[in-house]
Amino acid sequence: MLITNIEMIPGRKIVQHHGLVSGSTVRAKHVGRDIMAGLKNIFGGELKGYTELLTESRKEAMGRMKEQAKQMGANAVVNVRFSTSSVASGAAELYVYGTAVTVQ
Amino acid sequence: MEFITFIILMMLGYGFGTWAERRHYKSIEEREMKYQKLPTIGLKHPLPQPGRVVKAQLAVGNVVISVDYFKRFLASLRNIFGGRVSSYETLVDRARREATLRMKESCPGATQIINVRLETASLSKNTRKGSIGSIEVFAYGTAITYK
């Protein structure tokens with residue numbers, strides 16, 4: 001599955017549009033990671049646990065979007081956008097959406 | 001007792017925070033030199049390039065970074081007097097440059113990355129109201145490989 005965040009796939013021709021596809025996931029943080037984050041709030045620096053958590057979550061959201069696109073019979077998703085919102089304290093929603101298309 | 005804890009936390013934050021920041025900037029600068037040749041642009045159309053496109057894919061990079069105790073204290077002082085909060089400026093600068101670098105590292109062999117977007121989110125919910133604490137920067141773009 002080809003994914004880009006521009007309106008086209010360079011080097012390919014779009015032959016059919018299937019409409020909007022999206023995927024989202026809500027993740028809560030982990031107690032162990034939260035303790036580490038508390039320590040890092042004193043020392044400063046990268047919160048590796050959180051970086052990984054958000055990477056995984058975005059991968060999952062993208063997986064869901066790809067699954068939806070596949071069901072529509074598309075082989076690419078163009079104009080992909082990401083958005084993050086915190087739904088409750090300690091939980092974040094990661095949302096990804098784009099347009100499913102068929103390319104040659 | 002509380003005052004002693006505060007002083008210790010300030011010293012730890014200052015020591016480790018300054019050391020970590022210096023090390024991080026050094027690593028950022030080194031890697032930026034390495035990827036200097038890779039054009040990263042915000043335009044939606046690729047730069048003119050000889051050859052044909054062999055691969056186009058989404059490139060992503062993210063980082064969550066936290067400010068140390070000492071700098072947070074400095075920033076809270078700044079909240080009283082107003083003005084530039086330079087301790088947080090370096091935090092967002094480091095986070096954006098690191099995220100952009102990770103995006104570049106995620107697509108080895110790419111010729112250019114176009115339509116780069118940067119997203120910033122504040123993550124800390126457990127700290128006092130109104131303080132930033134830790135931020136996440138997410139960078140994404142389309143990596144194109146020519147041959």
# chains A, B, ... in the order shown; residues from 1 in each chain; ligands from 1

call {"tool": "select_by_dssp", "arguments": {"residues": "chain B", "states": "strand (DSSP E or B)", "output": "ChimeraX atom specification"}}
result
/B:40,53-66,112-122,134-146

call {"tool": "interface_residues", "arguments": {"of": "chain A", "to": "chain B", "cutoff": "8 Å", "atoms": "only C-alpha atoms", "output": "list in words"}}
result
Leu2, Ile3, Thr4, Asn5, Ile6, Glu7, Ile9, Pro10, Gly11, Lys40, Asn41, Ile42, Phe43, Gly44, Gly45, Glu46, Leu47, Lys48, Tyr50, Thr51, Thr55, Thr84, Ser89 and Gly90 of chain A

call {"tool": "select_by_dssp", "arguments": {"residues": "chain B", "states": "helix (DSSP H, G or I)", "output": "VMD selection string"}}
result
chain B and resid 2 to 34 69 to 81 86 to 105

call {"tool": "atom_distance", "arguments": {"atom1": "CA of Glu56 (chain A)", "atom2": "CA of Gly23 (chain A)"}}
result
13.4 Å

call {"tool": "residues_around", "arguments": {"residues": "region 63-74 of chain A", "least_positions_apart": "2", "cutoff": "12 Å", "atoms": "only C-alpha atoms", "output": "PyMOL selection string"}}
result
chain A and resi 1-3+14-25+56-61+76-78+80-82+94-104

call {"tool": "write_last_selection", "arguments": {"atoms": "N, CA, C and O atoms", "output": "compact mmCIF listing (two decimals), in the first residue's frame"}}
result
# COMPACT_ATOMS: atom_id res chain seq x y z
N MET A 1 0.86 -1.20 0.00
CA MET A 1 0.00 0.00 0.00
C MET A 1 0.89 1.25 0.00
O MET A 1 1.74 1.40 0.86
N LEU A 2 0.65 2.10 -1.02
CA LEU A 2 1.43 3.34 -1.12
C LEU A 2 0.74 4.44 -0.31
O LEU A 2 -0.48 4.60 -0.39
N ILE A 3 1.51 5.16 0.45
CA ILE A 3 0.94 6.25 1.24
C ILE A 3 1.77 7.52 1.06
O ILE A 3 3.00 7.47 1.18
N ILE A 14 -3.22 8.32 -11.01
CA ILE A 14 -4.41 7.92 -10.25
C ILE A 14 -5.53 7.65 -11.23
O ILE A 14 -5.85 8.48 -12.08
N VAL A 15 -6.13 6.45 -11.13
CA VAL A 15 -7.20 6.12 -12.08
C VAL A 15 -8.58 6.14 -11.43
O VAL A 15 -9.58 6.29 -12.11
N GLN A 16 -8.65 6.00 -10.11
CA GLN A 16 -9.96 5.98 -9.45
C GLN A 16 -9.86 6.49 -8.02
O GLN A 16 -8.89 6.19 -7.31
N HIS A 17 -10.87 7.27 -7.61
CA HIS A 17 -10.94 7.75 -6.23
C HIS A 17 -11.99 6.94 -5.47
O HIS A 17 -13.05 6.65 -6.01
N HIS A 18 -11.71 6.61 -4.24
CA HIS A 18 -12.67 5.82 -3.46
C HIS A 18 -13.25 6.60 -2.29
O HIS A 18 -14.12 6.13 -1.59
N GLY A 19 -12.73 7.76 -1.98
CA GLY A 19 -13.25 8.55 -0.86
C GLY A 19 -12.36 8.49 0.36
O GLY A 19 -11.28 7.92 0.34
N LEU A 20 -12.86 9.10 1.42
CA LEU A 20 -12.07 9.27 2.64
C LEU A 20 -11.95 7.96 3.41
O LEU A 20 -12.92 7.22 3.56
N VAL A 21 -10.75 7.69 3.89
CA VAL A 21 -10.55 6.58 4.82
C VAL A 21 -9.85 7.13 6.05
O VAL A 21 -9.11 8.10 5.98
N SER A 22 -10.12 6.52 7.20
CA SER A 22 -9.50 7.02 8.42
C SER A 22 -9.25 5.89 9.39
O SER A 22 -9.83 4.81 9.28
N GLY A 23 -8.38 6.14 10.33
CA GLY A 23 -8.11 5.17 11.38
C GLY A 23 -7.77 5.92 12.63
O GLY A 23 -7.16 6.99 12.58
N SER A 24 -8.20 5.40 13.77
CA SER A 24 -7.86 6.10 15.00
C SER A 24 -7.58 5.10 16.11
O SER A 24 -7.99 3.94 16.04
N THR A 25 -6.88 5.55 17.12
CA THR A 25 -6.63 4.71 18.28
C THR A 25 -6.50 5.61 19.49
O THR A 25 -5.99 6.71 19.40
N GLU A 56 4.03 3.51 18.12
CA GLU A 56 3.21 2.30 17.99
C GLU A 56 1.76 2.66 17.71
O GLU A 56 1.12 2.06 16.85
N SER A 57 1.26 3.64 18.45
CA SER A 57 -0.15 4.01 18.29
C SER A 57 -0.42 4.54 16.90
O SER A 57 -1.45 4.22 16.30
N ARG A 58 0.50 5.35 16.37
CA ARG A 58 0.29 5.88 15.02
C ARG A 58 0.34 4.77 13.99
O ARG A 58 -0.41 4.79 13.02
N LYS A 59 1.23 3.78 14.25
CA LYS A 59 1.32 2.64 13.34
C LYS A 59 -0.02 1.89 13.31
O LYS A 59 -0.48 1.48 12.26
N GLU A 60 -0.59 1.74 14.51
CA GLU A 60 -1.85 1.02 14.60
C GLU A 60 -2.97 1.79 13.87
O GLU A 60 -3.75 1.20 13.13
N ALA A 61 -3.01 3.10 14.09
CA ALA A 61 -4.03 3.92 13.43
C ALA A 61 -3.86 3.84 11.92
O ALA A 61 -4.84 3.71 11.17
N ALA A 76 -3.68 2.61 -2.81
CA ALA A 76 -2.86 3.71 -2.30
C ALA A 76 -3.74 4.67 -1.51
O ALA A 76 -4.96 4.72 -1.70
N VAL A 77 -3.11 5.42 -0.60
CA VAL A 77 -3.81 6.46 0.15
C VAL A 77 -3.01 7.74 -0.04
O VAL A 77 -1.81 7.77 0.22
N VAL A 78 -3.68 8.79 -0.53
CA VAL A 78 -2.99 10.06 -0.74
C VAL A 78 -3.53 11.12 0.21
O VAL A 78 -4.58 10.95 0.81
N VAL A 80 -2.56 12.23 3.16
CA VAL A 80 -2.73 11.76 4.53
C VAL A 80 -2.44 12.88 5.53
O VAL A 80 -1.49 13.64 5.37
N ARG A 81 -3.28 13.01 6.53
CA ARG A 81 -3.09 13.99 7.61
C ARG A 81 -3.15 13.28 8.95
O ARG A 81 -3.90 12.33 9.11
N PHE A 82 -2.39 13.80 9.90
CA PHE A 82 -2.39 13.25 11.25
C PHE A 82 -2.97 14.28 12.21
O PHE A 82 -2.74 15.47 12.04
N LEU A 94 -5.07 9.32 18.61
CA LEU A 94 -4.28 9.59 17.42
C LEU A 94 -5.15 9.24 16.23
O LEU A 94 -5.68 8.14 16.14
N TYR A 95 -5.31 10.19 15.36
CA TYR A 95 -6.24 10.03 14.25
C TYR A 95 -5.49 10.28 12.96
O TYR A 95 -4.68 11.20 12.87
N VAL A 96 -5.71 9.43 12.00
CA VAL A 96 -5.06 9.60 10.70
C VAL A 96 -6.12 9.41 9.61
O VAL A 96 -6.97 8.54 9.71
N TYR A 97 -6.11 10.30 8.61
CA TYR A 97 -7.11 10.19 7.56
C TYR A 97 -6.51 10.58 6.21
O TYR A 97 -5.53 11.30 6.15
N GLY A 98 -7.10 10.06 5.17
CA GLY A 98 -6.60 10.34 3.83
C GLY A 98 -7.61 9.92 2.78
O GLY A 98 -8.72 9.50 3.12
N THR A 99 -7.23 10.05 1.53
CA THR A 99 -8.13 9.68 0.43
C THR A 99 -7.62 8.40 -0.21
O THR A 99 -6.46 8.32 -0.61
N ALA A 100 -8.51 7.41 -0.28
CA ALA A 100 -8.14 6.13 -0.89
C ALA A 100 -8.27 6.23 -2.40
O ALA A 100 -9.27 6.74 -2.90
N VAL A 101 -7.24 5.82 -3.11
CA VAL A 101 -7.26 5.87 -4.57
C VAL A 101 -6.70 4.58 -5.16
O VAL A 101 -6.06 3.79 -4.47
N THR A 102 -6.96 4.39 -6.42
CA THR A 102 -6.33 3.29 -7.15
C THR A 102 -5.34 3.90 -8.13
O THR A 102 -5.70 4.83 -8.86
N VAL A 103 -4.12 3.42 -8.10
CA VAL A 103 -3.12 3.90 -9.04
C VAL A 103 -2.69 2.77 -9.97
O VAL A 103 -2.86 1.60 -9.66
N GLN A 104 -2.17 3.17 -11.10
CA GLN A 104 -1.72 2.18 -12.08
C GLN A 104 -0.41 1.54 -11.65
O GLN A 104 0.43 2.23 -11.08

call {"tool": "atom_distance", "arguments": {"atom1": "CA of Val26 (chain A)", "atom2": "CA of Ala88 (chain A)"}}
result
9.9 Å

call {"tool": "atom_distance", "arguments": {"atom1": "CA of Gly42 (chain B)", "atom2": "CA of Ser106 (chain B)"}}
result
17.7 Å

call {"tool": "closest_residue", "arguments": {"among": "B:Glu2, B:Glu89, B:Glu98, B:Glu105", "to": "Tyr25 (chain B)", "atoms": "only C-alpha atoms"}}
result
B:Glu98
